[in-house]
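For reference, the structure is listed below as structure tokens.
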There are 4 protein chains.
Amino acid sequence: MPNQKRDSLKRRLYSIIFEAETPAGRAFDVVLLILIMASVVVVSLESVVSFRRSYLHVFQALEWTFTILFTIEYLLRIYSSAKPIRYIFSFFGIIDLLAIIPTYLSLFVLGSQYLLVIRVFRLLRIARVFRLTRFVNEGQVLSKALRASLTKITVFLGVVLMMVIVVGALMYVIEGRQSGYTSIPISVYWAIVTVTTVGFGDITPVTPIGQFLASCLMITGYGIIAVPTGIVSVELANAERMDTNTRVCPNCHKEGHPKSANFCDNCGYKLHSDLEPVGNSANL
Amino acid sequence: MPNQKRDSLKRRLYSIIFEAETPAGRAFDVVLLILIMASVVVVSLESVVSFRRSYLHVFQALEWTFTILFTIEYLLRIYSSAKPIRYIFSFFGIIDLLAIIPTYLSLFVLGSQYLLVIRVFRLLRIARVFRLTRFVNEGQVLSKALRASLTKITVFLGVVLMMVIVVGALMYVIEGRQSGYTSIPISVYWAIVTVTTVGFGDITPVTPIGQFLASCLMITGYGIIAVPTGIVSVELANAERMDTNTRVCPNCHKEGHPKSANFCDNCGYKLHSDLEPVGNSANL
Amino acid sequence: MPNQKRDSLKRRLYSIIFEAETPAGRAFDVVLLILIMASVVVVSLESVVSFRRSYLHVFQALEWTFTILFTIEYLLRIYSSAKPIRYIFSFFGIIDLLAIIPTYLSLFVLGSQYLLVIRVFRLLRIARVFRLTRFVNEGQVLSKALRASLTKITVFLGVVLMMVIVVGALMYVIEGRQSGYTSIPISVYWAIVTVTTVGFGDITPVTPIGQFLASCLMITGYGIIAVPTGIVSVELANAERMDTNTRVCPNCHKEGHPKSANFCDNCGYKLHSDLEPVGNSANL
Amino acid sequence: MPNQKRDSLKRRLYSIIFEAETPAGRAFDVVLLILIMASVVVVSLESVVSFRRSYLHVFQALEWTFTILFTIEYLLRIYSSAKPIRYIFSFFGIIDLLAIIPTYLSLFVLGSQYLLVIRVFRLLRIARVFRLTRFVNEGQVLSKALRASLTKITVFLGVVLMMVIVVGALMYVIEGRQSGYTSIPISVYWAIVTVTTVGFGDITPVTPIGQFLASCLMITGYGIIAVPTGIVSVELANAERMDTNTRVCPNCHKEGHPKSANFCDNCGYKLHSDLEPVGNSANL
């Protein structure tokens with residue numbers, strides 16, 4: 001096969017598999033999304049005892065069909081990619097691999113096929129397929145705000161974790177084995193259940209002093225749930241503001257103009273366009 | 001009956017049934033609201049075993065009375081409406097129909113009369129009846145903020161849903177049947193109960209590794225509860241800001257200037273103060 | 001007794017009982033606060049079975065002592081007040097009365113003495129006694145923000161209540177008696193427990209469709225918990241801004257200057273003091 | 001030993017133990033952090049029954065090793081410190097002492113060794129060791145916002161506590177012993193579990209009127225969870241705004257100007273831009 005022909009095939013494959021601009025590429029992606037969802041549903045239903053008893057063979061046949069299809073797709077992605085190594089170690093490359101391994105693994109390790117549900121993460125491609133640019137943009141604002149909050153939330157969670165370990169140990173000493181606080185790790189688990197206001201109720205304090213300490217922990221948890229919320233709110237507001245604008249009035253230096261503004265709303269001076277090169281500082 | 005007379009009857013019926021400007025229309029609406037609330041109370045009480053045993057016939061008589069009254073009202077609404085089709089497929093038209101169907105259905109399907117509680121949604125008319133314009137305005141600001149948040153919250157919930165499916169499958173593999181994680185769908189249900197910090201406690205992890213994973217899920221849920229809150233807070237603040245400003249640029253007629261703006265950010269023309277009488281367009 | 005003498009006694013009593021400016025008035029208030037706290041502790045401890053068995057007579061003696069002291073205080077408040085009727089129907093007047101009635105009532109209705117804990121609300125006077133002006137100010141900002149949020153939160157809670165009634169009825173039809181959903185009111189109670197993310201777990205869905213509906217309700221509750229938070233955040237930010245300032249720059253009309261500002265931070269023009277009468281518009 | 005030699009030893013010890021600028025000081029801190037984490041893990045594992053049965057002697061040996069090392073370190077800290085008293089009563093001095101006492105105490109009081117987990121708080125030094133200045137800065141913004149929120153949150157929690165006591169007493173009267181509300185303190189504990197939306201479910205109302213009151217309490221708790229969040233959000237936004245500005249008025253040296261300020265709001269002098277080089281003090 002001459003080099004040129006192979007290259008053209010690779011390029012066509014690439015446009016079908018990786019892109020969604022051509023009708024063929026679009027059809028491929030839509031079929032793929034449907035297959036992914038179907039395979040997650042099949043894995044979920046297989047775990048239900050009554051279904052598995054009746055349809056075990058159907059489920060297994062479907063599972064292997066999906067896996068073989070996804071394996072072919074994975075190999076084609078590597079083949080058609082210009083930089084295969086880069087694809088393999090990209091976020092989606094790793095997800096694509098993890099989405100086929102469990103079926104092969106299930107030949108050796110029983111039950112590992114249930115890990116196939118990791119395939120749901122492949123659905124993240126949905127945004128690209130349907131050109132949901134608005135959703136992608138909003139998602140970027142969100143993830144930007146979350147990244148900006150990361151340091152503060154790490155500090156916050158670090159302090160909460162220390163508190164939870166100390167309270168867990170205290171409850172272990174106060175309540176003891178007979179109330180279900182059978183060890184410090186279990187007590188720490190209880191403290192996390194409590195401070196996050198989940199409150200399963202599988203372990204609960206029964207001594208007055210334990211209930212008092214639990215009350216303090218709950219009120220603390222109730223109060224500090226505000227902290228991550230406050231952090232994210234502030235960062236989201238910042239991210240939104242940043243998103244809409246970075247221009248400064250050349251006359252009065254006011255910042256934070258809406259994207260659509262032509263003139264400074266403080267002094268009436270003409271603003272530079274976001275894209276125009278600076279220099280045409282017109283006056284009123 | 002001459003056409004004119006019929007038209008006048010229709011118009012009068014319309015003003016009584018649909019409007020609340022005339023004394024008759026107002027009286028009609030007040031009686032209707034009382035009937036709706038009474039019928040919801042009757043349906044609720046009928047479901048209590050001890051009451052039903054003693055007063056079954058009273059309940060059934062009341063239920064049919066309400067239903068027949070509401071049916072007559074529904075038919076009159078269609079009759080008096082200028083565009084009946086438009087009413088039938090409007091939000092309130094559908095609610096009005098759904099509010100009478102269950103009683104007739106209960107002749108064939110046992111227990112369907114309990115769906116009558118959908119009648120509570122008819123109470124949404126209360127705002128119009130009592131001219132609670134302030135409540136309506138606030139409701140509009142709220143729903144505007146929620147609509148503006150919708151894209152971000154959809155992205156957020158989509159990612160949460162993927163996470164919940166994967167964690168559910170992991171817990172199913174880790175904890176297994178004997179802890180109550182009998183299938184992947186049940187485990188996903190547990191993951192939702194946990195990540196939303198509801199924490200029923202009907203299913204709880206018992207293995208150390210399961211408790212560790214549950215702890216991670218709870219802390220994640222605790223952290224990301226901040227995200228929708230932050231989204232809505234920011235949008236509400238935006239919606240409020242928009243809401244408070246009603247000034248229009250006298251030059252280019254642009255609306256929606258921030259309260260702090262002195263100049264139109266579109267054409268640079270000086271804006272009137274919110275409080276100043278129009279006419280003194282001073283210069284800097 | 002001559003009129004003048006009685007008036008002087010009344011005035012002195014008033015300054016002791018109602019005010020905290022004189023040493024005697026201050027001492028009176030401090031003693032009162034201690035008595036209130038002691039009486040709440042006594043009522044609480046009396047309810048513990050083991051304590052009541054051993055010390056019933058002590059508890060009863062203390063309770064009657066407190067009640068007689070508070071009754072005398074209440075009568076003196078009425079006597080020394082310039083406008084007794086106004087005191088009696090004031091917030092604190094009603095609380096003061098409610099704080100003594102249950103003991104007398106307990107002669108006729110068993111167990112009513114536990115309602116004495118309403119006395120804790122008398123502690124609200126603590127702010128006045130210790131001149132916690134900063135706390136009072138912050139409390140006013142808070143309650144101002146909450147009042148401003150009231151309309152929005154009422155609209156929000158109204159819609160949530162309708163949703164909860166409909167979901168409760170649906171769960172009653174879906175799950176039925178054997179899962180604990182014994183009547184519509186009980187199912188509505190469950191829906192409230194779920195939507196508020198409390199999640200006691202005394203009633204939990206067991207059918208797949210019930211669990212699916214519960215999941216939807218939980219995710220909704222998780223999403224809409226953001227709404228009141230957003231409302232209060234925005235109103236608090238507004239209340240804070242209002243609180244710190246209402247001055248406008250006479251030159252460039254910029255608002256929102258910090259309380260401590262002497263000059264407009266936008267154009268450098270001298271601001272009027274908050275307290276000074278307008279007129280001395282000095283220049284730079 | 002001559003004085004000078006001892007002083008030089010003290011100074012060298014100080015730089016190793018208290019500082020992390022020299023290689024020796026850095027190595028010391030890293031080893032210390034590892035030892036602290038190891039000792040917390042050992043204490044936690046010792047509390048697990050199956051581990052303790054098998055490795056009791058190993059655990060005890062390790063525990064005493066850690067404690068003796070930390071005791072030596074504590075004494076060296078006192079010795080090398082220029083102002084030993086000040087170190088002993090500093091935050092870290094007290095933590096360091098509390099981190100060694102429980103082992104010695106365990107000779108007399110069984111189980112007190114589990115309090116050793118207080119050692120986790122020694123990990124707070126981690127920020128200094130790894131020069132995580134960004135984390136320290138963010139932590140300071142956080143704690144500044146929390147301190148600013150303290151008054152409002154205290155007022156808020158005070159009112160919540162009063163409400164919880166009254167609701168607890170009401171539930172005790174309504175539900176009574178047979179539902180698990182065995183005393184007012186227990187009922188108050190239940191009310192705290194409910195209002196914070198934790199909802200263990202160890203105690204739940206069973207009478208209709210109790211369930212109605214609980215529903216009211218839950219909805220209240222759901223509504224007021226917004227209040228601390230709103231408070232912290234606003235204060236965080238304030239703290240951030242303050243944090244970002246570092247400009248000083250060249251005339252009166254006032255600090256903390258808002259980012260948008262052009263003129264000092266204290267003396268009306270023009271401020272330098274954040275980015276401009278100092279020197280071009282332009283006029284209006």
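Residues in the structure tokens are named by chain (A, B, ... in the order shown) and by number from 1 within that chain; ligands are numbered from 1 in the order shown.
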Using only C-alpha atoms, which protein or nucleic acid residues come within 9 Å of range 160-177 of chain B? Drop anything in the same chain fewer than 6 positions from it, and give the result as a compact mmCIF listing (two decimals) with all heavy atoms, in the first residue's frame.
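Printed below is out.txt as written:
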```txt
# COMPACT_ATOMS: atom_id res chain seq x y z
N SER A 44 -25.54 -2.63 34.60
CA SER A 44 -26.35 -2.37 35.80
C SER A 44 -27.41 -3.44 35.97
O SER A 44 -27.60 -3.96 37.08
CB SER A 44 -27.02 -0.99 35.70
OG SER A 44 -26.05 0.02 35.67
N SER A 47 -26.42 -6.86 37.29
CA SER A 47 -26.14 -7.00 38.74
C SER A 47 -27.40 -7.32 39.53
O SER A 47 -27.32 -7.70 40.70
CB SER A 47 -25.50 -5.71 39.27
OG SER A 47 -26.46 -4.69 39.33
N GLY A 111 -16.51 -10.79 39.01
CA GLY A 111 -17.19 -9.57 39.46
C GLY A 111 -16.56 -8.30 38.93
O GLY A 111 -17.12 -7.23 39.07
N SER A 112 -15.37 -8.41 38.32
CA SER A 112 -14.70 -7.18 37.87
C SER A 112 -15.44 -6.53 36.71
O SER A 112 -15.21 -5.37 36.41
CB SER A 112 -13.26 -7.48 37.48
OG SER A 112 -13.23 -8.41 36.44
N TYR A 114 -18.27 -5.43 36.67
CA TYR A 114 -19.13 -4.34 37.12
C TYR A 114 -18.40 -3.00 37.05
O TYR A 114 -19.01 -1.95 37.08
CB TYR A 114 -19.63 -4.61 38.54
CG TYR A 114 -20.47 -5.85 38.59
CD1 TYR A 114 -20.17 -6.90 39.43
CD2 TYR A 114 -21.58 -5.97 37.75
CE1 TYR A 114 -20.93 -8.05 39.45
CE2 TYR A 114 -22.35 -7.12 37.76
CZ TYR A 114 -22.02 -8.16 38.61
OH TYR A 114 -22.79 -9.28 38.61
N LEU A 115 -17.06 -3.07 36.98
CA LEU A 115 -16.29 -1.83 36.87
C LEU A 115 -16.45 -1.19 35.50
O LEU A 115 -16.00 -0.08 35.26
CB LEU A 115 -14.82 -2.11 37.17
CG LEU A 115 -14.58 -2.70 38.56
CD1 LEU A 115 -13.12 -3.05 38.75
CD2 LEU A 115 -15.03 -1.73 39.63
N LEU A 116 -17.14 -1.92 34.60
CA LEU A 116 -17.37 -1.38 33.26
C LEU A 116 -18.15 -0.07 33.30
O LEU A 116 -18.12 0.69 32.34
CB LEU A 116 -18.15 -2.39 32.42
CG LEU A 116 -17.34 -3.60 31.95
CD1 LEU A 116 -18.27 -4.61 31.31
CD2 LEU A 116 -16.27 -3.16 30.97
N VAL A 117 -18.83 0.18 34.42
CA VAL A 117 -19.63 1.42 34.47
C VAL A 117 -18.76 2.65 34.32
O VAL A 117 -19.26 3.75 34.10
CB VAL A 117 -20.45 1.52 35.76
CG1 VAL A 117 -21.54 0.48 35.80
CG2 VAL A 117 -19.57 1.48 36.97
N ILE A 118 -17.44 2.47 34.46
CA ILE A 118 -16.55 3.61 34.23
C ILE A 118 -16.78 4.18 32.82
O ILE A 118 -16.41 5.31 32.51
CB ILE A 118 -15.08 3.21 34.42
CG1 ILE A 118 -14.26 4.45 34.75
CG2 ILE A 118 -14.52 2.47 33.22
CD1 ILE A 118 -12.86 4.16 35.21
N ARG A 119 -17.45 3.37 31.98
CA ARG A 119 -17.77 3.84 30.63
C ARG A 119 -18.60 5.12 30.64
O ARG A 119 -18.60 5.84 29.66
CB ARG A 119 -18.54 2.75 29.88
CG ARG A 119 -17.64 1.63 29.42
CD ARG A 119 -18.43 0.49 28.84
NE ARG A 119 -17.53 -0.59 28.43
CZ ARG A 119 -17.92 -1.82 28.13
NH1 ARG A 119 -19.20 -2.12 28.19
NH2 ARG A 119 -17.05 -2.73 27.77
N VAL A 120 -19.33 5.38 31.72
CA VAL A 120 -20.16 6.59 31.72
C VAL A 120 -19.31 7.83 31.48
O VAL A 120 -19.78 8.81 30.92
CB VAL A 120 -20.96 6.79 33.02
CG1 VAL A 120 -22.06 5.76 33.14
CG2 VAL A 120 -20.07 6.82 34.24
N PHE A 121 -18.06 7.79 31.93
CA PHE A 121 -17.22 8.97 31.75
C PHE A 121 -16.93 9.25 30.27
O PHE A 121 -16.58 10.36 29.91
CB PHE A 121 -15.91 8.84 32.53
CG PHE A 121 -16.10 9.04 33.99
CD1 PHE A 121 -15.69 8.09 34.91
CD2 PHE A 121 -16.69 10.20 34.46
CE1 PHE A 121 -15.88 8.28 36.26
CE2 PHE A 121 -16.89 10.40 35.81
CZ PHE A 121 -16.48 9.43 36.71
N LEU A 123 -19.11 9.42 28.22
CA LEU A 123 -20.22 10.29 27.79
C LEU A 123 -19.84 11.76 27.85
O LEU A 123 -20.53 12.61 27.30
CB LEU A 123 -21.45 10.05 28.66
CG LEU A 123 -22.12 8.69 28.49
CD1 LEU A 123 -23.28 8.57 29.45
CD2 LEU A 123 -22.60 8.50 27.07
N SER B 183 -27.62 -4.72 44.25
CA SER B 183 -27.44 -4.57 42.80
C SER B 183 -26.85 -3.19 42.52
O SER B 183 -26.84 -2.34 43.41
CB SER B 183 -28.76 -4.75 42.06
OG SER B 183 -29.59 -3.65 42.33
N ILE B 184 -26.39 -2.96 41.29
CA ILE B 184 -25.84 -1.64 40.97
C ILE B 184 -26.90 -0.56 41.08
O ILE B 184 -26.64 0.48 41.69
CB ILE B 184 -25.15 -1.66 39.59
CG1 ILE B 184 -23.85 -2.49 39.69
CG2 ILE B 184 -24.82 -0.24 39.14
CD1 ILE B 184 -23.05 -2.54 38.40
N PRO B 185 -28.13 -0.73 40.56
CA PRO B 185 -29.12 0.33 40.74
C PRO B 185 -29.35 0.70 42.20
O PRO B 185 -29.43 1.87 42.55
CB PRO B 185 -30.39 -0.25 40.11
CG PRO B 185 -29.87 -1.19 39.06
CD PRO B 185 -28.61 -1.77 39.65
N ILE B 186 -29.42 -0.31 43.09
CA ILE B 186 -29.60 -0.04 44.52
C ILE B 186 -28.39 0.72 45.06
O ILE B 186 -28.52 1.66 45.86
CB ILE B 186 -29.77 -1.37 45.31
CG1 ILE B 186 -31.14 -1.98 45.04
CG2 ILE B 186 -29.53 -1.18 46.80
CD1 ILE B 186 -32.23 -1.49 45.97
N SER B 187 -27.19 0.34 44.62
CA SER B 187 -25.98 1.01 45.09
C SER B 187 -25.94 2.46 44.61
O SER B 187 -25.49 3.35 45.33
CB SER B 187 -24.74 0.27 44.60
OG SER B 187 -24.75 -1.05 45.08
N VAL B 188 -26.43 2.70 43.39
CA VAL B 188 -26.49 4.06 42.89
C VAL B 188 -27.48 4.87 43.73
O VAL B 188 -27.22 6.02 44.09
CB VAL B 188 -26.87 4.08 41.39
CG1 VAL B 188 -27.17 5.49 40.92
CG2 VAL B 188 -25.76 3.47 40.56
N TYR B 189 -28.62 4.24 44.06
CA TYR B 189 -29.60 4.88 44.95
C TYR B 189 -28.93 5.25 46.27
O TYR B 189 -29.07 6.37 46.77
CB TYR B 189 -30.79 3.94 45.17
CG TYR B 189 -31.61 4.19 46.39
CD1 TYR B 189 -32.47 5.29 46.47
CD2 TYR B 189 -31.53 3.34 47.50
CE1 TYR B 189 -33.22 5.52 47.61
CE2 TYR B 189 -32.29 3.57 48.64
CZ TYR B 189 -33.13 4.66 48.69
OH TYR B 189 -33.86 4.89 49.82
N TRP B 190 -28.15 4.33 46.85
CA TRP B 190 -27.43 4.62 48.09
C TRP B 190 -26.46 5.79 47.88
O TRP B 190 -26.36 6.67 48.75
CB TRP B 190 -26.65 3.38 48.56
CG TRP B 190 -25.75 3.70 49.71
CD1 TRP B 190 -26.08 3.70 51.03
CD2 TRP B 190 -24.37 4.09 49.63
NE1 TRP B 190 -25.00 4.07 51.78
CE2 TRP B 190 -23.94 4.32 50.95
CE3 TRP B 190 -23.47 4.27 48.59
CZ2 TRP B 190 -22.63 4.72 51.25
CZ3 TRP B 190 -22.19 4.69 48.87
CH2 TRP B 190 -21.77 4.90 50.19
N ALA B 191 -25.76 5.81 46.77
CA ALA B 191 -24.79 6.87 46.52
C ALA B 191 -25.49 8.22 46.43
O ALA B 191 -24.97 9.24 46.93
CB ALA B 191 -23.99 6.59 45.25
N ILE B 192 -26.69 8.25 45.84
CA ILE B 192 -27.44 9.50 45.77
C ILE B 192 -27.87 9.92 47.17
O ILE B 192 -27.74 11.09 47.56
CB ILE B 192 -28.66 9.36 44.82
CG1 ILE B 192 -28.19 9.21 43.39
CG2 ILE B 192 -29.59 10.55 44.96
CD1 ILE B 192 -29.28 8.87 42.40
N VAL B 195 -24.58 11.28 48.76
CA VAL B 195 -23.94 12.50 48.23
C VAL B 195 -24.82 13.72 48.47
O VAL B 195 -24.31 14.84 48.60
CB VAL B 195 -23.59 12.33 46.74
CG1 VAL B 195 -24.72 12.75 45.84
CG2 VAL B 195 -22.34 13.11 46.40
N PRO B 205 -22.40 1.07 54.69
CA PRO B 205 -21.22 0.24 54.47
C PRO B 205 -20.75 -0.39 55.78
O PRO B 205 -20.86 0.22 56.83
CB PRO B 205 -20.18 1.22 53.93
CG PRO B 205 -20.60 2.54 54.47
CD PRO B 205 -22.09 2.50 54.54
N VAL B 206 -20.24 -1.61 55.70
CA VAL B 206 -19.74 -2.27 56.92
C VAL B 206 -18.27 -2.67 56.80
O VAL B 206 -17.61 -2.87 57.81
CB VAL B 206 -20.58 -3.51 57.29
CG1 VAL B 206 -21.99 -3.10 57.67
CG2 VAL B 206 -20.59 -4.52 56.17
N THR B 207 -17.74 -2.79 55.58
CA THR B 207 -16.33 -3.14 55.45
C THR B 207 -15.50 -1.86 55.57
O THR B 207 -15.95 -0.78 55.20
CB THR B 207 -16.05 -3.78 54.08
OG1 THR B 207 -16.32 -2.80 53.08
CG2 THR B 207 -16.91 -5.00 53.85
N ILE B 209 -12.98 -0.78 53.86
CA ILE B 209 -12.72 -0.10 52.59
C ILE B 209 -13.99 0.57 52.07
O ILE B 209 -13.94 1.68 51.51
CB ILE B 209 -12.10 -1.09 51.56
CG1 ILE B 209 -11.53 -0.32 50.38
CG2 ILE B 209 -13.09 -2.12 51.12
CD1 ILE B 209 -10.53 -1.13 49.58
N GLY B 210 -15.14 -0.05 52.32
CA GLY B 210 -16.41 0.56 51.94
C GLY B 210 -16.66 1.83 52.73
O GLY B 210 -17.12 2.83 52.19
N LEU B 213 -14.44 4.58 51.34
CA LEU B 213 -14.98 5.14 50.10
C LEU B 213 -16.20 6.00 50.39
O LEU B 213 -16.36 7.09 49.82
CB LEU B 213 -15.35 4.00 49.13
CG LEU B 213 -15.78 4.42 47.73
CD1 LEU B 213 -14.67 5.20 47.03
CD2 LEU B 213 -16.16 3.22 46.90
N ALA B 214 -17.05 5.53 51.33
CA ALA B 214 -18.23 6.31 51.71
C ALA B 214 -17.81 7.66 52.30
O ALA B 214 -18.41 8.69 52.00
CB ALA B 214 -19.09 5.53 52.69
N LEU B 217 -16.89 9.94 49.57
CA LEU B 217 -18.10 10.40 48.88
C LEU B 217 -18.81 11.48 49.68
O LEU B 217 -19.25 12.50 49.14
CB LEU B 217 -19.04 9.21 48.65
CG LEU B 217 -20.31 9.51 47.85
CD1 LEU B 217 -19.97 9.95 46.44
CD2 LEU B 217 -21.22 8.31 47.81
```
*Give the residues of chain D that lie within 9 Å of chain B; count only C-alpha atoms, and format the answer as a list of chain:residue names.*
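Contact residues on the first chain: D:Thr197, D:Val198, D:Gly199, D:Phe200, D:Gly201.
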*Can you pull out every residue within 12 Å of range 16-31 of chain A, counting only C-alpha atoms, but drop anything in the same chain fewer than 4 positions away, and send it as a ChimeraX atom specification?*
/A:9-12,35-38,66,69-70,72-82,87,92-93,122-131
*Any chance you could list, as JSON, numbers by chain, the residues in range 23-243 of chain B that come up alpha helix (DSSP H) when DSSP is run on the backbone?*
{"B": [23, 24, 25, 26, 27, 28, 29, 30, 31, 32, 33, 34, 35, 36, 37, 38, 39, 40, 41, 42, 43, 44, 45, 46, 49, 50, 51, 52, 53, 54, 55, 56, 57, 58, 59, 60, 61, 62, 63, 64, 65, 66, 67, 68, 69, 70, 71, 72, 73, 74, 75, 76, 77, 78, 79, 80, 84, 85, 86, 87, 88, 91, 92, 93, 94, 95, 96, 97, 98, 101, 102, 103, 104, 105, 126, 127, 128, 129, 133, 134, 135, 136, 137, 138, 139, 140, 141, 142, 143, 144, 145, 146, 147, 148, 149, 150, 151, 152, 153, 154, 155, 156, 157, 158, 159, 160, 161, 162, 163, 164, 165, 166, 167, 168, 169, 170, 171, 172, 173, 174, 175, 184, 185, 186, 187, 188, 189, 190, 191, 192, 193, 194, 195, 208, 209, 210, 211, 212, 213, 214, 215, 216, 217, 218, 219, 220, 221, 222, 223, 224, 226, 227, 228, 229, 230, 231, 232, 233, 234, 235, 236, 237, 238, 239, 240, 241, 242, 243]}
*asked:* Would you compute the distance between CA of Thr182 in chain B and CA of Ile68 in chain A? Give it in Å to one decimal.
replied: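 Straight-line distance from CA of Thr182 in chain B to CA of Ile68 in chain A works out to 28.2 Å.
CA of Val48 in chain D to CA of Thr103 in chain D spans 17.9 Å [interatomic distance, one decimal].
Interatomic distance, CA of Pro84 in chain D against CA of Ser15 in chain D: 15.0 Å.
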